[in-house]
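As provided, start-v2.txt (compact mmCIF, C-alpha atoms) reads as follows.
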# COMPACT_ATOMS: atom_id res chain seq x y z
CA MET F 24 80.11 141.79 71.79
CA PRO F 25 80.51 140.29 75.27
CA SER F 26 78.07 141.49 77.88
CA LEU F 27 79.12 143.73 80.76
CA LYS F 28 78.93 140.84 83.19
CA ASP F 29 81.16 138.66 81.03
CA LEU F 30 83.76 141.38 80.84
CA LYS F 31 83.68 141.90 84.56
CA ASN F 32 84.23 138.18 85.15
CA ARG F 33 87.10 138.14 82.68
CA ILE F 34 88.80 141.02 84.46
CA GLU F 35 88.39 139.36 87.84
CA SER F 36 89.82 136.09 86.54
CA VAL F 37 92.85 137.74 84.93
CA LYS F 38 93.43 139.67 88.14
CA SER F 39 93.57 136.51 90.21
CA THR F 40 95.90 134.92 87.63
CA ARG F 41 98.16 137.91 87.99
CA LYS F 42 98.21 137.47 91.74
CA ILE F 43 99.29 133.87 91.32
CA THR F 44 102.04 134.59 88.80
CA LYS F 45 103.27 137.46 90.94
CA ALA F 46 103.45 135.17 93.98
CA MET F 47 105.23 132.49 91.96
CA GLN F 48 107.73 135.05 90.74
CA MET F 49 108.53 136.07 94.28
CA VAL F 50 108.83 132.50 95.47
CA ALA F 51 111.13 131.74 92.54
CA ALA F 52 113.25 134.76 93.41
CA ALA F 53 113.70 133.53 96.97
CA LYS F 54 114.46 130.00 95.81
CA LEU F 55 116.87 131.32 93.22
CA ARG F 56 118.86 133.08 95.92
CA ARG F 57 119.15 129.83 97.83
CA ALA F 58 120.01 127.81 94.74
CA GLN F 59 122.66 130.33 93.74
CA ASP F 60 124.16 130.25 97.22
CA ALA F 61 124.34 126.47 97.06
CA ALA F 62 125.97 126.60 93.63
CA VAL F 63 128.51 129.12 94.84
CA ALA F 64 129.23 127.12 97.99
CA ALA F 65 129.91 124.03 95.91
CA ARG F 66 132.29 125.78 93.57
CA PRO F 67 135.53 125.64 95.61
CA TYR F 68 135.28 121.88 95.98
CA ALA F 69 134.65 121.29 92.30
CA GLU F 70 137.45 123.63 91.27
CA ARG F 71 140.07 122.12 93.56
CA PHE F 72 138.91 118.66 92.68
CA ASN F 73 139.20 119.23 88.94
CA ALA F 74 142.59 120.86 89.36
CA VAL F 75 143.99 117.85 91.21
CA LEU F 76 142.27 115.39 88.91
CA GLY F 77 143.53 117.30 85.88
CA GLY F 78 147.09 117.09 87.13
CA LEU F 79 146.79 113.40 87.88
CA ALA F 80 145.07 112.62 84.60
CA ALA F 81 147.74 114.45 82.63
CA SER F 82 150.51 112.38 84.17
CA VAL F 83 148.69 109.08 83.69
CA SER F 84 146.95 109.57 80.34
CA GLY F 85 148.71 107.94 77.46
CA SER F 86 149.95 105.09 79.58
CA ALA F 87 148.40 101.73 78.90
CA THR F 88 147.31 101.34 82.49
CA ALA F 89 145.03 104.38 82.46
CA PRO F 90 141.73 103.45 84.11
CA ARG F 91 138.71 102.84 81.90
CA LEU F 92 136.83 105.76 83.41
CA LEU F 93 139.53 108.01 81.97
CA ALA F 94 140.55 106.23 78.80
CA GLY F 95 137.14 104.86 77.87
CA THR F 96 136.24 101.37 76.77
CA GLY F 97 137.93 101.79 73.43
CA SER F 98 134.63 101.99 71.63
CA ASP F 99 131.94 104.64 71.33
CA GLN F 100 129.08 102.50 70.12
CA ILE F 101 126.64 102.85 72.99
CA HIS F 102 125.85 106.32 74.23
CA LEU F 103 124.02 107.07 77.44
CA LEU F 104 122.40 110.48 77.60
CA VAL F 105 121.51 111.74 81.06
CA VAL F 106 118.87 114.40 80.53
CA MET F 107 118.36 116.58 83.58
CA THR F 108 115.25 118.71 83.72
CA SER F 109 112.94 120.08 86.38
CA GLU F 110 110.15 118.36 88.26
CA ARG F 111 107.76 121.22 87.80
CA GLY F 112 106.56 123.26 84.88
CA LEU F 113 105.74 126.95 84.50
CA CYS F 114 109.36 127.86 83.99
CA GLY F 115 109.31 129.16 80.44
CA GLY F 116 111.47 127.40 77.92
CA PHE F 117 113.78 125.87 80.53
CA ASN F 118 112.89 122.23 79.97
CA SER F 119 112.28 122.55 76.24
CA THR F 120 115.71 123.98 75.51
CA ILE F 121 117.43 121.15 77.34
CA VAL F 122 115.28 118.56 75.62
CA ARG F 123 115.87 120.20 72.24
CA LEU F 124 119.62 119.93 72.71
CA ALA F 125 119.30 116.29 73.76
CA ARG F 126 116.99 115.57 70.82
CA LEU F 127 119.52 116.99 68.36
CA ARG F 128 122.22 114.80 69.84
CA ILE F 129 119.98 111.73 69.75
CA GLN F 130 119.21 112.28 66.06
CA GLU F 131 122.89 112.79 65.27
CA LEU F 132 123.88 109.62 67.10
CA LEU F 133 121.11 107.53 65.61
CA ALA F 134 122.01 108.79 62.13
CA ALA F 135 125.60 107.73 62.77
CA GLY F 136 124.36 104.25 63.59
CA LYS F 137 125.11 104.40 67.32
CA THR F 138 123.01 102.89 70.04
CA VAL F 139 121.39 105.48 72.28
CA LYS F 140 120.13 105.00 75.79
CA ILE F 141 118.40 107.71 77.77
CA LEU F 142 118.28 108.21 81.49
CA THR F 143 116.11 111.06 82.65
CA VAL F 144 116.37 113.06 85.83
CA GLY F 145 113.28 115.15 86.45
CA LYS F 146 109.75 114.48 85.29
CA LYS F 147 109.35 117.19 82.67
CA GLY F 148 112.10 116.01 80.38
CA ARG F 149 110.85 112.46 80.56
CA GLU F 150 107.37 113.51 79.51
CA GLN F 151 108.73 115.34 76.48
CA LEU F 152 111.13 112.61 75.39
CA LYS F 153 108.69 109.78 76.00
CA ARG F 154 106.64 110.71 72.96
CA ASP F 155 109.42 109.99 70.48
CA TYR F 156 111.98 107.88 72.23
CA ARG F 157 110.08 105.63 74.58
CA ASP F 158 112.08 102.58 73.50
CA LEU F 159 115.42 104.22 74.23
CA MET F 160 114.65 105.20 77.80
CA ILE F 161 116.18 102.90 80.33
CA ASP F 162 115.58 104.59 83.64
CA HIS F 163 114.30 107.63 85.44
CA VAL F 164 115.45 109.37 88.59
CA ASP F 165 112.67 111.01 90.53
CA LEU F 166 113.61 114.03 92.59
CA THR F 167 110.05 115.18 93.29
CA GLU F 168 110.44 114.62 97.00
CA VAL F 169 113.78 116.36 97.21
CA LYS F 170 113.50 119.88 98.54
CA ARG F 171 117.16 120.76 98.36
CA VAL F 172 119.56 118.91 96.15
CA GLY F 173 122.30 117.40 98.29
CA TYR F 174 125.52 115.66 97.46
CA GLY F 175 123.78 112.41 98.39
CA ASN F 176 121.43 112.76 95.41
CA ALA F 177 124.41 113.18 93.12
CA THR F 178 126.27 110.16 94.49
CA ALA F 179 123.15 108.04 94.07
CA ILE F 180 122.97 108.94 90.37
CA ALA F 181 126.73 108.54 89.99
CA ASP F 182 126.69 105.09 91.62
CA ASP F 183 123.95 104.04 89.24
CA LEU F 184 125.95 105.28 86.25
CA LEU F 185 129.13 103.60 87.44
CA SER F 186 127.52 100.24 88.01
CA ARG F 187 125.98 100.42 84.54
CA PHE F 188 129.39 101.32 83.14
CA ASP F 189 130.98 98.37 84.91
CA ALA F 190 128.28 96.14 83.50
CA ALA F 191 129.28 97.42 80.03
CA GLU F 192 125.86 98.89 79.40
CA PHE F 193 127.34 101.93 77.69
CA ASP F 194 130.61 103.38 76.44
CA VAL F 195 130.04 107.12 76.65
CA ALA F 196 127.88 109.06 79.10
CA THR F 197 126.86 112.66 78.54
CA LEU F 198 124.99 114.96 80.90
CA PHE F 199 122.42 117.42 79.57
CA PHE F 200 121.60 120.32 81.83
CA SER F 201 121.30 124.07 81.85
CA ARG F 202 124.18 126.23 82.97
CA PHE F 203 123.14 129.27 84.95
CA LYS F 204 124.42 132.55 83.54
CA SER F 205 121.88 135.04 84.84
CA VAL F 206 118.17 135.30 85.52
CA MET F 207 117.66 136.12 81.86
CA GLU F 208 120.11 133.65 80.43
CA GLN F 209 120.57 129.94 80.91
CA THR F 210 122.59 127.90 78.48
CA PRO F 211 121.67 124.29 77.77
CA THR F 212 124.89 122.32 77.99
CA ALA F 213 126.09 118.85 77.11
CA LEU F 214 128.93 117.55 79.24
CA GLN F 215 130.65 114.23 78.76
CA VAL F 216 131.40 112.59 82.09
CA ILE F 217 132.43 109.07 81.11
CA PRO F 218 135.11 108.74 79.90
CA ALA F 219 136.10 111.80 81.89
CA SER F 220 136.65 114.87 79.79
CA ILE F 221 139.29 116.54 81.89
CA GLU F 222 141.34 119.36 80.60
CA ALA F 223 144.75 117.92 81.23
CA ASP F 224 146.65 120.64 83.00
CA GLU F 225 150.23 120.42 81.87
CA ALA F 226 151.48 122.86 84.49
CA ALA F 227 149.93 120.83 87.29
CA ALA F 228 151.25 117.62 85.85
CA THR F 229 154.82 118.77 86.17
CA ALA F 230 154.38 119.63 89.86
CA LEU F 231 156.05 116.86 91.73
CA TYR F 232 153.76 115.31 94.24
CA ASP F 233 154.27 112.38 96.48
CA TYR F 234 151.33 110.04 96.27
CA GLU F 235 150.01 108.03 99.15
CA PRO F 236 148.99 105.33 98.19
CA SER F 237 150.18 105.10 94.57
CA GLU F 238 149.23 107.51 91.81
CA GLU F 239 147.08 104.89 90.10
CA ALA F 240 145.26 103.97 93.30
CA ILE F 241 144.43 107.60 94.00
CA LEU F 242 143.24 108.15 90.45
CA ALA F 243 141.07 105.03 90.66
CA ASP F 244 139.62 106.42 93.88
CA LEU F 245 139.10 109.92 92.54
CA LEU F 246 137.56 109.24 89.14
CA PRO F 247 134.27 107.86 90.48
CA ARG F 248 134.11 110.78 92.89
CA GLY F 249 134.74 113.07 89.94
CA VAL F 250 131.64 111.73 88.23
CA ALA F 251 129.61 112.44 91.37
CA THR F 252 131.08 115.91 91.64
CA GLN F 253 130.20 116.74 88.05
CA ILE F 254 126.68 115.44 88.49
CA PHE F 255 126.33 117.46 91.68
CA THR F 256 127.50 120.61 89.92
CA ALA F 257 125.07 119.93 87.08
CA LEU F 258 122.18 119.41 89.51
CA LEU F 259 122.94 122.68 91.28
CA GLU F 260 123.35 124.63 88.06
CA ASN F 261 120.09 123.16 86.86
CA ALA F 262 118.27 124.09 90.05
CA ALA F 263 119.47 127.68 89.82
CA SER F 264 118.61 127.83 86.11
CA GLU F 265 115.15 126.48 86.73
CA GLN F 266 114.36 129.13 89.31
CA GLY F 267 115.89 131.83 87.13
CA ALA F 268 113.82 130.72 84.14
CA ARG F 269 110.69 130.53 86.27
CA MET F 270 111.32 133.95 87.68
CA SER F 271 111.59 135.62 84.28
CA ALA F 272 108.70 133.58 82.86
CA MET F 273 106.47 134.61 85.74
CA ASP F 274 107.64 138.22 85.45
CA ASN F 275 106.54 138.21 81.84
CA ALA F 276 103.25 136.56 82.73
CA THR F 277 102.56 139.15 85.40
CA ARG F 278 103.28 141.96 82.95
CA ASN F 279 101.08 140.41 80.27
CA ALA F 280 98.25 139.98 82.76
CA GLY F 281 98.55 143.67 83.66
CA GLU F 282 98.32 144.70 80.01
CA MET F 283 95.34 142.44 79.50
CA ILE F 284 93.56 143.92 82.50
CA ASP F 285 94.11 147.43 81.14
CA LYS F 286 92.72 146.47 77.74
CA LEU F 287 89.72 144.69 79.23
CA THR F 288 89.01 147.62 81.55
CA ILE F 289 88.92 150.02 78.62
CA GLU F 290 86.59 147.70 76.76
CA TYR F 291 84.42 147.37 79.84
CA ASN F 292 84.16 151.12 80.31
CA ARG F 293 83.40 151.65 76.65
CA SER F 294 80.54 149.17 76.63
CA ARG F 295 79.25 150.59 79.90
CA GLN F 296 79.09 154.04 78.28
CA ALA F 297 77.44 152.57 75.20
CA VAL F 298 74.75 151.05 77.41
CA ILE F 299 74.14 154.36 79.15
CA THR F 300 73.98 156.23 75.86
CA ASN F 301 71.52 153.69 74.55
CA GLU F 302 69.30 154.10 77.56
CA LEU F 303 69.38 157.90 77.23
CA ILE F 304 68.45 157.72 73.54
CA GLU F 305 65.55 155.49 74.40
CA ILE F 306 64.29 157.86 77.13
CA ILE F 307 64.67 160.96 74.95
CA SER F 308 63.06 159.45 71.89
CA GLY F 309 60.27 158.15 74.12
CA ALA F 310 59.71 161.65 75.52
CA GLU F 311 59.75 163.21 72.03
CA ALA F 312 57.13 160.79 70.79
CA LEU F 313 54.64 162.06 73.36
CA MET K 15 156.84 130.65 116.51
CA ALA K 16 156.06 128.02 113.97
CA GLN K 17 155.54 129.08 110.39
CA LEU K 18 151.95 129.50 109.27
CA MET K 19 150.40 127.97 106.18
CA GLN K 20 147.04 128.19 104.51
CA PHE K 21 144.56 125.47 105.41
CA ASP K 22 141.31 124.89 103.48
CA LEU K 23 138.68 122.29 104.23
CA VAL K 24 135.90 121.98 101.68
CA SER K 25 133.10 119.49 101.24
CA PRO K 26 130.96 119.33 98.09
CA GLU K 27 128.25 121.35 99.76
CA ARG K 28 130.19 124.03 101.54
CA LYS K 29 133.50 125.44 102.62
CA LEU K 30 134.11 124.54 106.25
CA ALA K 31 137.35 126.24 106.99
CA SER K 32 139.87 128.52 105.40
CA VAL K 33 142.36 129.56 108.06
CA LYS K 34 146.03 129.92 108.81
CA ALA K 35 147.41 126.91 110.61
CA THR K 36 150.69 125.84 112.11
CA GLN K 37 150.10 122.15 111.65
CA VAL K 38 147.39 119.84 110.37
CA GLN K 39 147.00 116.22 111.32
CA ILE K 40 145.40 114.27 108.49
CA PRO K 41 143.91 110.78 108.76
CA GLY K 42 145.44 109.29 105.62
CA ALA K 43 144.42 105.97 104.16
CA GLU K 44 147.86 104.60 105.00
CA GLY K 45 148.15 106.19 108.40
CA ASP K 46 148.02 109.58 110.05
CA LEU K 47 150.20 112.32 108.71
CA THR K 48 151.01 115.68 110.18
CA ALA K 49 151.67 118.46 107.73
CA MET K 50 153.52 121.63 108.60
CA ALA K 51 154.70 124.49 106.43
CA GLY K 52 157.30 123.35 103.95
CA HIS K 53 156.04 119.77 103.82
CA GLU K 54 156.85 117.91 100.68
CA PRO K 55 154.02 118.20 98.10
CA THR K 56 151.81 115.18 98.65
CA ILE K 57 148.41 113.95 97.59
CA LEU K 58 146.84 111.35 99.82
CA THR K 59 143.46 109.75 100.20
CA LEU K 60 141.61 109.89 103.50
CA ARG K 61 140.12 107.29 105.74
CA PRO K 62 137.23 108.22 108.05
CA GLY K 63 138.83 109.93 110.97
CA VAL K 64 139.47 113.10 112.87
CA LEU K 65 141.29 115.97 111.26
CA THR K 66 143.11 118.17 113.73
CA VAL K 67 144.05 121.71 112.86
CA ASP K 68 146.40 123.67 115.12
CA GLY K 69 146.27 127.37 114.46
CA PRO K 70 147.28 130.54 116.25
CA ASP K 71 143.76 130.72 117.70
CA GLY K 72 143.71 127.21 119.11
CA THR K 73 142.88 123.78 117.85
CA ASP K 74 139.94 122.73 115.68
CA TYR K 75 138.65 119.23 115.09
CA PHE K 76 136.69 117.96 112.12
CA ALA K 77 135.32 114.53 111.41
CA VAL K 78 136.05 113.75 107.77
CA ILE K 79 134.84 110.86 105.66
CA GLY K 80 136.24 110.02 102.26
CA GLY K 81 138.04 112.32 99.90
CA PHE K 82 141.63 113.40 99.67
CA ALA K 83 144.13 115.96 100.85
CA GLU K 84 146.56 117.97 98.82
CA ILE K 85 149.66 119.29 100.50
CA GLY K 86 151.29 121.86 98.29
CA ALA K 87 153.73 124.71 98.53
CA GLU K 88 151.00 127.18 99.51
CA GLY K 89 149.40 125.04 102.14
CA VAL K 90 147.04 122.18 102.76
CA SER K 91 143.67 121.71 101.18
CA VAL K 92 141.43 118.87 102.23
CA LEU K 93 138.54 117.88 99.99
CA ALA K 94 136.31 115.63 102.03
CA GLU K 95 133.15 113.95 100.76
CA ARG K 96 131.65 114.56 104.13
CA ALA K 97 133.05 116.80 106.80
CA VAL K 98 131.49 117.85 110.07
CA PRO K 99 132.95 120.15 112.72
CA ARG K 100 133.52 118.23 115.93
CA GLY K 101 130.91 120.29 117.79
CA GLU K 102 128.14 119.46 115.33
CA LEU K 103 128.69 115.72 115.36
CA SER K 104 126.17 113.85 117.46
CA LYS K 105 125.81 110.24 118.46
CA GLU K 106 122.75 109.89 116.22
CA MET K 107 124.72 111.09 113.22
CA ILE K 108 127.57 108.70 113.73
CA ASN K 109 125.21 105.79 114.33
CA GLU K 110 123.35 106.65 111.16
CA MET K 111 126.60 106.66 109.21
CA ILE K 112 127.59 103.37 110.78
CA ALA K 113 124.25 101.88 109.83
CA GLU K 114 124.79 103.05 106.25
CA ALA K 115 128.28 101.60 106.15
CA GLN K 116 127.01 98.36 107.69
CA ASP K 117 124.40 98.17 104.98
CA ALA K 118 127.02 98.72 102.29
CA HIS K 119 129.22 96.08 103.90
CA ASP K 120 126.43 93.52 104.08
CA ASN K 121 125.62 94.00 100.41
CA ALA K 122 129.21 94.23 99.28
CA HIS K 123 130.73 91.84 96.83
CA PRO K 124 133.19 89.46 98.63
CA ASP K 125 136.05 90.99 96.59
CA VAL K 126 135.53 94.40 98.12
CA ALA K 127 134.24 93.26 101.51
CA HIS K 128 137.57 93.94 103.17
CA ALA K 129 137.36 97.57 102.02
CA THR K 130 133.84 98.07 103.35
CA ALA K 131 134.77 96.31 106.57
CA LYS K 132 137.75 98.61 107.00
CA PHE K 133 135.58 101.63 106.28
CA LEU K 134 133.11 100.47 108.92
CA ALA K 135 135.82 99.81 111.47
CA ASP K 136 137.36 103.23 110.77
CA LEU K 137 134.02 104.90 111.32
CA VAL K 138 133.51 103.17 114.64
CA ALA K 139 137.07 103.95 115.69
CA MET K 140 136.46 107.59 114.87
CA GLY K 141 133.26 107.62 116.93
CA THR K 142 135.00 106.02 119.87
CA HIS K 143 137.93 108.41 119.54
CA ILE K 144 135.60 111.38 119.82
CA GLY K 145 133.90 109.71 122.75
CA LEU K 146 130.44 109.28 121.30
CA ASP K 147 130.19 105.60 122.13
CA PRO K 148 128.76 104.43 118.77
CA ASN K 149 126.88 101.22 118.11
CA SER K 150 129.20 98.32 117.54
CA PRO K 151 129.06 96.80 114.07
CA SER K 152 128.79 93.17 113.12
CA LEU K 153 131.63 92.21 110.83
Could I get this structure in the form of structure tokens?
Amino acid sequence: MPSLKDLKNRIESVKSTRKITKAMQMVAAAKLRRAQDAAVAARPYAERFNAVLGGLAASVSGSATAPRLLAGTGSDQIHLLVVMTSERGLCGGFNSTIVRLARLRIQELLAAGKTVKILTVGKKGREQLKRDYRDLMIDHVDLTEVKRVGYGNATAIADDLLSRFDAAEFDVATLFFSRFKSVMEQTPTALQVIPASIEADEAAATALYDYEPSEEAILADLLPRGVATQIFTALLENAASEQGARMSAMDNATRNAGEMIDKLTIEYNRSRQAVITNELIEIISGAEAL
Amino acid sequence: MAQLMQFDLVSPERKLASVKATQVQIPGAEGDLTAMAGHEPTILTLRPGVLTVDGPDGTDYFAVIGGFAEIGAEGVSVLAERAVPRGELSKEMINEMIAEAQDAHDNAHPDVAHATAKFLADLVAMGTHIGLDPNSPSL
């Protein structure tokens, strides 16, 4: 049976934890708003871009001159997995679900005899993957210092990927990130970016456009930008998901802390009464003995 | 009264404009192009330059860098990697971009050096055109 003082300390400590989780929840809510706004603001660009790229890709695909970024290298031996997670913890299962999806894919690929390389974005995913797949990890992108993800961050990652692709370091690149559905729901997603997985839009392909310069030149110009755009979208979705996950995790934590405080308070009161009763019994039995 | 068409300018980070316009002057990679309603459907890549939008409410200018424009039946949409309204562009910004481009040019492979040099020259030309008097590059 813990003493009264112990119980009191426990209650105080849980109360201050609750204050912290409550504050974190509110901060996450504010950040989520901003992250969502950024994701929404980026949507028109990505949509238009994919529409145009889809139309172009549909008219070029199948021809022998299709660029390698679209048609692939002709092999799928070396896979590069880009695992995007957060830089900070305390966001529930956010990082673990992404890593779990990546892990499944790694096991599948390794079982199929493929070579796997891992590039991590965000510290948390790297820490989790490092335990099992240290040898497969080739690089890490640190975004700790980045307050707001900008398009520049995405192009930096994209440039890195493209130069590795040109150097024939991999055949297929897949992004792992979490798609934001709602505060309660984020879906871990795998998205292949190289070779580009574009839904060829037949309707757009038939639209007759004039191209300036040539169709191939524009496609060659757009495909690398497409990679950057997809990475940017993934980064933004991830940022929103992270804050959403943190918000609901902290909401749960705050509620749990409240329940714990209630339970501890009842226990505290009960032992306080027991102490008083004890004292009374002692006084009364002392008086009776006289 | 000239016919109106829809004009959209978006960058990856935000939507800069979505207005009705009478004509749009686009700095294409192969030269400037002015699009009006009923223009033939065209997709063209951009060079760094000034995009001019004439609308019923006057004329707007945007500095655009990289990206492409799609001229379709419904109107013109420009997807620029970087786009800044003329009013927000400062001398510091343009010099910073020039410094970046200079850096890229200096580190560029000889095969692509002409492209980076052109990009740099276009940037400087754009700055001069706006009247910001940018730093001159070394080519």
Would you mind telling me which residue in K:Gln17, K:Gln116, K:Asn121, K:Ser104 lies nearest to K:Ala135 when using only C-alpha atoms?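 Selected residue with least distance to K:Ala135: K:Gln116.
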Atom CA of K:Gln20 to atom CA of K:Ile85, distance in Å rounded to a single decimal: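 Interatomic distance, atom CA of K:Gln20 to atom CA of K:Ile85: 10.1 Å.
Atom pair atom CA of F:Gly281 / atom CA of F:Arg41: separated by 7.2 Å.
Within the 12 Å cut-off around K:Ala129, using all atoms listed in the file and omitting residues fewer than 2 positions from it on the same chain, the listed residues are Ala43, Arg61, Ala115, Gln116, Ala118, His119, Asp120, Ala122, His123, Pro124, Asp125, Val126, Ala127, Ala131, Lys132, Phe133, Leu134, Ala135, Asp136 and Leu153 of chain K.
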Contact residues (chain K, partner chain F, 7 Å, only C-alpha atoms) as a list in words: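 Going by the stated atoms only, the list reads Val24, Ser25, Pro26, Glu27, Arg28, Lys29, Glu44, Pro55, Thr56, Ile57, Leu58, Thr59 and Leu93 of chain K.
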Those same residues - C-alpha atoms - I'd like them written as a PDB file, keeping the file's coordinate frame.
ATOM      1  CA  VAL K  24     135.900 121.980 101.680  1.00  0.00           C
ATOM      2  CA  SER K  25     133.100 119.490 101.240  1.00  0.00           C
ATOM      3  CA  PRO K  26     130.960 119.330  98.090  1.00  0.00           C
ATOM      4  CA  GLU K  27     128.250 121.350  99.760  1.00  0.00           C
ATOM      5  CA  ARG K  28     130.190 124.030 101.540  1.00  0.00           C
ATOM      6  CA  LYS K  29     133.500 125.440 102.620  1.00  0.00           C
ATOM      7  CA  GLU K  44     147.860 104.600 105.000  1.00  0.00           C
ATOM      8  CA  PRO K  55     154.020 118.200  98.100  1.00  0.00           C
ATOM      9  CA  THR K  56     151.810 115.180  98.650  1.00  0.00           C
ATOM     10  CA  ILE K  57     148.410 113.950  97.590  1.00  0.00           C
ATOM     11  CA  LEU K  58     146.840 111.350  99.820  1.00  0.00           C
ATOM     12  CA  THR K  59     143.460 109.750 100.200  1.00  0.00           C
ATOM     13  CA  LEU K  93     138.540 117.880  99.990  1.00  0.00           C
TER      14      LEU K  93
END
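Here atom CA of F:Val122 and atom CA of F:Thr108 stand 8.1 Å from one another.
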Shell around F:Pro218 at 8 Å using all atoms listed in the file, local window under 2 positions removed, as a PyMOL selection string: chain F and resi 91-95+194-196+215-216+220
Deliver the residues from the most recent selection as a file, using C-alpha atoms, as a tab-separated table (two decimals), in the frame of the given file.
chain	number	residue	atom	x	y	z
F	91	ARG	CA	138.71	102.84	81.90
F	92	LEU	CA	136.83	105.76	83.41
F	93	LEU	CA	139.53	108.01	81.97
F	94	ALA	CA	140.55	106.23	78.80
F	95	GLY	CA	137.14	104.86	77.87
F	194	ASP	CA	130.61	103.38	76.44
F	195	VAL	CA	130.04	107.12	76.65
F	196	ALA	CA	127.88	109.06	79.10
F	215	GLN	CA	130.65	114.23	78.76
F	216	VAL	CA	131.40	112.59	82.09
F	220	SER	CA	136.65	114.87	79.79
As JSON, numbers by chain, please: the residues near K:Val33 (cut-off 8 Å, all atoms listed in the file, same-chain neighbours under 2 positions excluded). {"K": [20, 21, 22, 31, 35, 69]}
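Of the residues under consideration (F:Ile306, F:Glu282, F:Lys153, F:Ala58), F:Ala58 shows the shortest atom-to-atom contact distance to F:Asn261 when counting all atoms listed in the file.
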Exercise: K:Gln37 partners within 12 Å, only C-alpha atoms, chain neighbours under 6 positions left out, as a PyMOL selection string: chain K and resi 15-21+47-53+65-70+72-74+85+89-90
Show which residues sit within 7 Å of stretch 100-107 of chain F, as an MDAnalysis selection string. Count all atoms listed in the file, and ignore same-chain residues fewer than 6 positions away. chainID F and resid 137:145 148 193:200
Could you tell me which of K:Ala113, K:Val38, K:Leu146, K:Val64 comes closest to K:Ala97 if we count all atoms listed in the file? K:Val64
With distances taken over all atoms listed in the file, which residue among K:Leu23, K:Asp46, K:Gly63, K:Pro99 lies nearest K:Ala139?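 For K:Ala139, the nearest of the given residues is K:Gly63.
Counting all atoms listed in the file, the residue from K:Glu106, K:Glu88, K:Lys34, K:Ala83 that sits nearest to K:Asp71 is K:Lys34.
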Nearest residue to F:Ala268 from the set F:Glu311, F:Asp285, F:Glu208, F:Asp29 (distances using only C-alpha atoms):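 So, comparing all the options, the nearest one is F:Glu208.
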